[in-house]
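Below is the file data-v3.txt, which contains compact mmCIF, C-alpha atoms.
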# COMPACT_ATOMS: atom_id res chain seq x y z
CA MET P 26 96.48 88.91 96.01
CA ILE P 27 96.94 90.00 99.63
CA GLY P 28 95.71 86.58 100.61
CA SER P 29 98.28 84.90 98.44
CA LEU P 30 100.97 87.16 99.91
CA LEU P 31 99.99 86.15 103.44
CA ALA P 32 99.88 82.49 102.45
CA ALA P 33 103.36 82.82 100.98
CA ALA P 34 104.61 84.53 104.14
CA GLN P 35 103.30 81.70 106.32
CA ASN P 36 104.82 79.02 104.11
CA ALA P 37 108.25 78.73 105.72
CA ASP P 38 109.91 76.26 103.35
CA ALA P 39 109.49 78.47 100.29
CA PRO P 40 111.59 81.63 100.00
CA VAL P 41 109.41 84.73 99.83
CA LEU P 42 110.40 87.27 97.21
CA VAL P 43 109.27 90.41 99.02
CA ALA P 44 110.61 92.95 96.53
CA GLN P 45 109.05 91.13 93.57
CA ASN P 46 105.70 90.84 95.32
CA VAL P 47 105.65 94.53 96.28
CA ALA P 48 106.55 95.47 92.70
CA PHE P 49 103.82 93.17 91.41
CA GLY P 50 101.27 94.82 93.72
CA ILE P 51 102.11 98.34 92.62
CA ILE P 52 102.20 97.39 88.92
CA SER P 53 98.92 95.47 89.07
CA VAL P 54 97.02 98.26 90.86
CA LEU P 55 98.29 100.81 88.31
CA MET P 56 97.41 98.49 85.43
CA ILE P 57 93.87 97.71 86.57
CA TYR P 58 93.10 101.40 87.23
CA SER P 59 94.52 102.43 83.84
CA ALA P 60 92.73 99.62 82.01
CA ILE P 61 89.41 100.71 83.52
CA ARG P 62 90.18 104.28 82.46
CA VAL P 63 90.97 103.09 78.92
CA VAL P 64 87.46 101.68 78.51
CA THR P 65 85.64 104.48 80.39
CA ALA P 66 87.52 107.71 79.57
CA ALA P 67 85.40 110.29 77.76
CA ASN P 68 88.39 111.78 75.96
CA VAL P 69 89.86 109.49 73.31
CA VAL P 70 93.39 110.89 73.62
CA HIS P 71 93.30 110.32 77.39
CA ALA P 72 92.27 106.72 76.72
CA ALA P 73 95.32 106.31 74.47
CA ALA P 74 97.55 107.75 77.21
CA PHE P 75 96.14 105.30 79.76
CA LEU P 76 96.69 102.51 77.23
CA VAL P 77 100.39 103.45 77.31
CA VAL P 78 100.39 102.92 81.10
CA VAL P 79 98.80 99.48 80.73
CA LEU P 80 101.28 98.44 78.02
CA ALA P 81 104.23 99.66 80.10
CA GLY P 82 102.84 97.68 83.06
CA VAL P 83 102.71 94.54 80.92
CA ALA P 84 106.35 95.14 79.92
CA ALA P 85 107.26 95.50 83.61
CA LEU P 86 105.52 92.19 84.36
CA PHE P 87 107.55 90.55 81.59
CA ILE P 88 110.76 91.79 83.23
CA LEU P 89 109.47 90.49 86.57
CA LEU P 90 109.03 87.08 84.88
CA GLY P 91 112.54 87.16 83.41
CA ALA P 92 111.43 87.65 79.80
CA GLU P 93 113.63 90.60 78.94
CA PHE P 94 113.55 90.35 75.15
CA VAL P 95 109.76 90.10 75.12
CA ALA P 96 109.57 93.15 77.42
CA ILE P 97 111.77 95.23 75.14
CA THR P 98 109.80 94.08 72.08
CA GLN P 99 106.61 95.05 73.91
CA VAL P 100 107.93 98.59 74.50
CA LEU P 101 109.23 98.95 70.94
CA VAL P 102 106.24 97.54 69.08
CA TYR P 103 103.34 98.51 71.34
CA ILE P 104 104.33 101.82 72.89
CA GLY P 105 106.55 102.87 70.03
CA ALA P 106 104.46 101.87 67.04
CA ILE P 107 100.92 100.79 67.86
CA VAL P 108 100.07 103.70 70.19
CA VAL P 109 101.38 106.17 67.60
CA LEU P 110 99.20 104.42 65.01
CA PHE P 111 96.23 104.83 67.36
CA LEU P 112 96.96 108.54 67.80
CA PHE P 113 97.06 108.92 64.00
CA GLY P 114 93.75 107.08 63.77
CA ILE P 115 92.21 109.39 66.39
CA MET P 116 93.57 112.44 64.58
CA LEU P 117 92.39 111.39 61.11
CA THR P 118 88.89 110.40 62.20
CA ARG P 119 88.36 113.64 64.14
CA ALA P 120 87.00 111.76 67.11
CA PRO P 121 85.32 113.98 69.72
CA MET P 122 87.98 115.53 71.94
CA GLU P 123 85.93 117.26 74.62
CA GLY P 124 83.95 114.27 75.76
CA SER P 125 80.69 116.07 75.08
CA GLU P 126 79.34 113.23 72.97
CA LYS P 127 78.34 109.96 74.51
CA MET P 128 81.20 107.46 74.33
CA SER P 129 79.39 104.33 75.52
CA ARG P 130 76.49 102.44 74.05
CA ASP P 131 73.17 102.21 75.87
CA ASN P 132 73.87 98.55 76.70
CA TRP P 133 76.95 99.35 78.80
CA ALA P 134 75.35 97.85 81.94
CA LEU P 135 74.82 94.56 80.14
CA ALA P 136 78.42 94.70 78.92
CA ALA P 137 79.62 95.31 82.49
CA LEU P 138 77.56 92.31 83.66
CA THR P 139 79.11 90.16 80.91
CA GLY P 140 82.60 91.21 81.93
CA PHE P 141 81.90 90.63 85.62
CA VAL P 142 80.41 87.16 85.09
CA LEU P 143 83.36 86.25 82.87
CA LEU P 144 85.76 87.49 85.56
CA VAL P 145 84.06 85.40 88.27
CA LEU P 146 84.09 82.29 86.06
CA LEU P 147 87.72 82.75 85.03
CA GLY P 148 88.77 83.60 88.59
CA TYR P 149 87.12 80.50 90.04
CA THR P 150 88.58 78.27 87.33
CA LEU P 151 92.10 79.65 87.80
CA TRP P 152 91.86 79.43 91.58
CA ASP P 153 90.69 75.84 91.32
CA GLY P 154 93.20 74.78 88.69
CA PHE P 155 96.42 76.64 89.53
CA GLY P 156 95.99 77.54 93.21
CA LYS P 157 99.19 75.77 94.28
CA ASN P 158 101.48 76.45 91.32
CA LYS P 159 104.40 78.77 92.01
CA ILE P 160 106.83 80.61 89.80
CA PRO P 161 110.26 79.05 90.61
CA ALA P 162 112.15 81.22 93.10
CA ASP P 163 115.44 80.63 91.26
CA LEU P 164 114.05 82.04 88.03
CA GLN P 165 116.81 83.36 85.79
CA PRO P 166 116.31 85.98 83.05
CA THR P 167 116.10 84.44 79.59
CA SER P 168 119.06 85.25 77.39
CA THR P 169 118.22 86.66 73.98
CA GLY P 170 120.60 84.15 72.40
CA ALA P 171 118.67 81.18 73.75
CA LEU P 172 115.40 82.74 72.60
CA SER P 173 116.73 83.32 69.09
CA ASP P 174 117.99 79.73 68.97
CA VAL P 175 114.44 78.53 69.63
CA ILE P 176 112.83 80.97 67.17
CA PHE P 177 115.21 80.18 64.30
CA GLY P 178 115.39 76.47 65.09
CA GLN P 179 112.22 74.85 66.32
CA TYR P 180 109.84 77.67 65.32
CA LEU P 181 111.41 78.71 62.02
CA VAL P 182 108.40 77.90 59.84
CA PRO P 183 105.87 79.75 62.08
CA PHE P 184 108.28 82.69 62.12
CA GLU P 185 108.33 82.85 58.33
CA VAL P 186 104.55 82.52 58.23
CA VAL P 187 104.27 85.49 60.63
CA SER P 188 106.53 87.60 58.41
CA LEU P 189 104.37 86.70 55.40
CA LEU P 190 101.27 87.63 57.44
CA LEU P 191 102.78 91.04 58.25
CA LEU P 192 103.49 91.62 54.56
CA ALA P 193 99.92 90.64 53.62
CA ALA P 194 98.51 92.91 56.34
CA LEU P 195 100.66 95.80 55.12
CA VAL P 196 99.44 95.38 51.53
CA GLY P 197 95.85 94.95 52.74
CA ALA P 198 95.99 98.07 54.89
CA ILE P 199 97.30 100.14 51.97
CA VAL P 200 94.62 98.78 49.62
CA ILE P 201 91.81 99.44 52.12
CA ALA P 202 92.93 102.91 53.22
CA ARG P 203 93.88 104.21 49.76
CA ARG P 204 91.45 106.69 48.20
CA ASP P 205 90.87 106.04 44.51
CA MET C 8 105.45 84.44 93.53
CA PHE C 9 102.34 82.46 92.79
CA LEU C 10 101.35 81.70 89.22
CA ASN C 11 97.82 82.76 90.05
CA GLN C 12 98.85 86.37 90.73
CA PHE C 13 99.68 86.77 87.06
CA LEU C 14 96.80 84.66 85.76
CA LEU C 15 94.19 86.56 87.79
CA LEU C 16 95.60 89.94 86.75
CA ALA C 17 95.47 88.78 83.12
CA ALA C 18 91.88 87.59 83.62
CA ALA C 19 90.92 91.02 85.01
CA LEU C 20 92.55 92.77 82.04
CA PHE C 21 90.78 90.38 79.64
CA CYS C 22 87.37 91.10 81.18
CA ILE C 23 87.94 94.88 81.11
CA GLY C 24 88.84 94.49 77.43
CA VAL C 25 85.66 92.48 76.74
CA TYR C 26 83.62 95.22 78.42
CA GLY C 27 85.31 97.83 76.23
CA VAL C 28 84.69 95.87 73.02
CA ILE C 29 80.98 95.54 73.80
CA ALA C 30 80.27 98.95 75.33
CA ARG C 31 82.35 101.45 73.35
CA LYS C 32 80.82 103.35 70.42
CA ASN C 33 83.98 104.69 68.81
CA GLY C 34 85.69 102.28 66.38
CA VAL C 35 89.19 103.32 67.49
CA MET C 36 88.28 102.66 71.13
CA VAL C 37 87.09 99.14 70.26
CA LEU C 38 90.49 98.46 68.69
CA MET C 39 92.17 99.71 71.89
CA SER C 40 90.08 97.28 73.95
CA ILE C 41 91.18 94.45 71.65
CA GLU C 42 94.78 95.41 72.49
CA LEU C 43 93.94 94.96 76.20
CA ILE C 44 92.66 91.44 75.48
CA LEU C 45 95.77 90.49 73.47
CA ASN C 46 98.05 91.78 76.24
CA ALA C 47 96.20 89.68 78.81
CA VAL C 48 96.93 86.62 76.66
CA ASN C 49 100.61 87.59 76.47
CA ILE C 50 100.87 87.82 80.27
CA ASN C 51 99.45 84.29 80.50
CA LEU C 52 101.91 82.91 77.94
CA VAL C 53 104.96 84.44 79.61
CA ALA C 54 103.79 83.43 83.11
CA PHE C 55 103.44 79.79 82.04
CA SER C 56 106.81 80.00 80.35
CA ALA C 57 108.31 81.14 83.68
CA MET C 58 106.51 78.37 85.57
CA TRP C 59 108.14 75.65 83.44
CA PHE C 60 111.54 77.35 83.89
CA ASN C 61 113.50 74.45 85.41
CA THR C 62 111.24 71.51 84.58
CA PRO C 63 113.31 68.85 82.81
CA GLY C 64 112.00 67.94 79.39
CA ALA C 65 109.94 71.09 79.01
CA ASN C 66 110.70 73.87 76.56
CA PRO C 67 110.50 76.95 78.81
CA LEU C 68 110.98 79.39 75.94
CA ALA C 69 107.96 78.29 73.90
CA GLY C 70 105.67 80.66 75.81
CA GLN C 71 107.90 83.64 75.13
CA VAL C 72 108.15 82.74 71.42
CA PHE C 73 104.37 82.58 71.20
CA ALA C 74 104.10 85.94 73.01
CA LEU C 75 106.36 87.42 70.32
CA PHE C 76 104.12 85.92 67.62
CA VAL C 77 101.05 87.41 69.32
CA ILE C 78 102.74 90.84 69.37
CA ALA C 79 103.47 90.56 65.62
CA VAL C 80 99.90 89.48 64.83
CA ALA C 81 98.57 92.33 66.99
CA ALA C 82 100.62 94.82 64.99
CA ALA C 83 99.17 93.44 61.73
CA GLU C 84 95.65 93.52 63.21
CA VAL C 85 95.93 97.16 64.30
CA GLY C 86 97.19 98.18 60.86
CA VAL C 87 94.29 96.54 59.01
CA GLY C 88 91.76 97.58 61.69
CA LEU C 89 92.70 101.25 61.56
CA ALA C 90 92.62 101.13 57.74
CA ILE C 91 89.06 99.76 57.96
CA VAL C 92 88.10 102.49 60.47
CA LEU C 93 89.53 105.13 58.13
CA ALA C 94 87.59 103.68 55.17
CA ILE C 95 84.40 103.70 57.28
CA PHE C 96 85.06 107.32 58.27
CA ARG C 97 85.56 108.33 54.65
CA ASN C 98 82.31 106.71 53.50
CA TYR C 99 80.04 107.45 56.49
CA LYS C 100 81.65 110.62 57.99
CA THR C 101 81.49 108.94 61.41
CA VAL C 102 83.26 106.27 63.45
CA ASP C 103 80.19 105.65 65.62
CA LEU C 104 79.66 101.91 65.27
CA ASP C 105 75.93 102.27 65.99
CA GLN C 106 75.49 104.22 62.77
CA VAL C 107 77.44 101.76 60.63
CA ASP C 108 74.56 99.31 60.15
CA LEU C 109 74.63 98.54 56.44
CA MET C 110 74.34 94.80 57.16
CA LYS C 111 71.61 95.30 59.81
CA GLY C 112 73.62 93.28 62.30

Go through the file and emit its structure as structure tokens.
Amino acid sequence: MIGSLLAAAQNADAPVLVAQNVAFGIISVLMIYSAIRVVTAANVVHAAAFLVVVLAGVAALFILLGAEFVAITQVLVYIGAIVVLFLFGIMLTRAPMEGSEKMSRDNWALAALTGFVLLVLLGYTLWDGFGKNKIPADLQPTSTGALSDVIFGQYLVPFEVVSLLLLAALVGAIVIARRD
Amino acid sequence: MFLNQFLLLAAALFCIGVYGVIARKNGVMVLMSIELILNAVNINLVAFSAMWFNTPGANPLAGQVFALFVIAVAAAEVGVGLAIVLAIFRNYKTVDLDQVDLMKG
């Protein structure tokens, strides 16, 4: 990332968005640290708290990319609903709170190797494929009106299918979790 | 801003999520790792949507619409997933995935 910043600074014909790049750096460092803590924390509630940081970082990236409605939806749905659902799940399953029990499987080293190899492969592919692509410097925030025009015009049928899927998932969750 | 900044960050998040799915014992923690993976995908979709911002003939909002769909599907997935974890806890008195081996997987 520092390399890409330097490359952008040397490229005179393209305007360099210093504030955006600094914000991106801070957000990305916070997000990576918190994501690692989510998968390594011994305390389950701490992991949920770090998950909130990651989700808020994703929302901040959406704002950086001009997707305001998606960012607000991310905060409402993820931080507002899904994290609370996770906390209820932690509470109801009486997961270990002190971190005395082992939280990782014995094959965690193999899992780390898998993740690392995947990261190297993905990183090389992305570097090779999109190394020169830039986000347009004159990027304007998307208006919610334009987004709703697309959702209720071109993507109306997928939208209805998603609402049906949510209904089916709701009914399924009640049927599975109900004690009878 | 380079497109790769966002794509590489999303790739890192994705790989951390894959590690969590494989290495965690607690069922709730595995679901949290899945959320990391889905968020990485969302960053990719919105970044590509921003890249096509002023390309004539492209639909720059398609990526954001798909990100919204992914958020909705993730909400449905968490609901059903936590219901399954609760059912497992009621029948086995544990959420340790190593001890849930009825199918000998």

- Which residues come within 8 Å of range 185-196 of chain P, counting only C-alpha atoms, excluding same-chain residues fewer than 5 positions away, as a PyMOL selection string? chain C and resi 76+79-80+83-84+86-87

- Query: Within 9 Å of Ile88 in chain P, counting only C-alpha atoms, which residues qualify if same-chain residues fewer than 6 places away don't, as a ChimeraX atom specification?
  - Reply: /P:94-97,166

- Show me which bits of chain P are within 6 Å of chain C, counting all atoms listed in the file, as a list in words.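 Close enough to count are Val64, Met128, Ser129, Arg130, Trp133, Ala136, Ala137, Gly140, Leu144, Asn158, Lys159, Ile160, Leu191, Ala194, Ala198, Ile201 and Ala202 of chain P.
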
- Compile the contact shell of range 99-111 of chain P as a PyMOL selection string: residues with an atom at most 7 Å away, counting only C-alpha atoms, same-chain residues fewer than 4 positions apart removed. (chain P and resi 73+77+80-81+84+95+115) or (chain C and resi 82)

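Relative to CA of Ser59 in chain P, CA of Val79 in chain P is found at 6.1 Å.
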
- Which residue, P:Trp152, P:Arg62, P:Met56, P:Ala74, has the smallest gap to Leu86 in chain P when you use all atoms listed in the file? P:Met56

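If you look at CA of Leu89 in chain P and CA of Gln45 in chain P, they are 7.0 Å away from each other.
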
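Distance-wise, CA of Leu117 in chain P and CA of Ala60 in chain P end up 24.0 Å apart.
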
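Residue nearest Thr98 in chain P, chosen from P:Thr169, P:Ile52, P:Leu138, P:Leu143 and counting all atoms listed in the file: P:Thr169.
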
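If you measure from each of P:Phe87, P:Ser53, P:Leu112, P:Ile176 to Ala72 in chain P using all atoms listed in the file, the closest one turns out to be P:Leu112.
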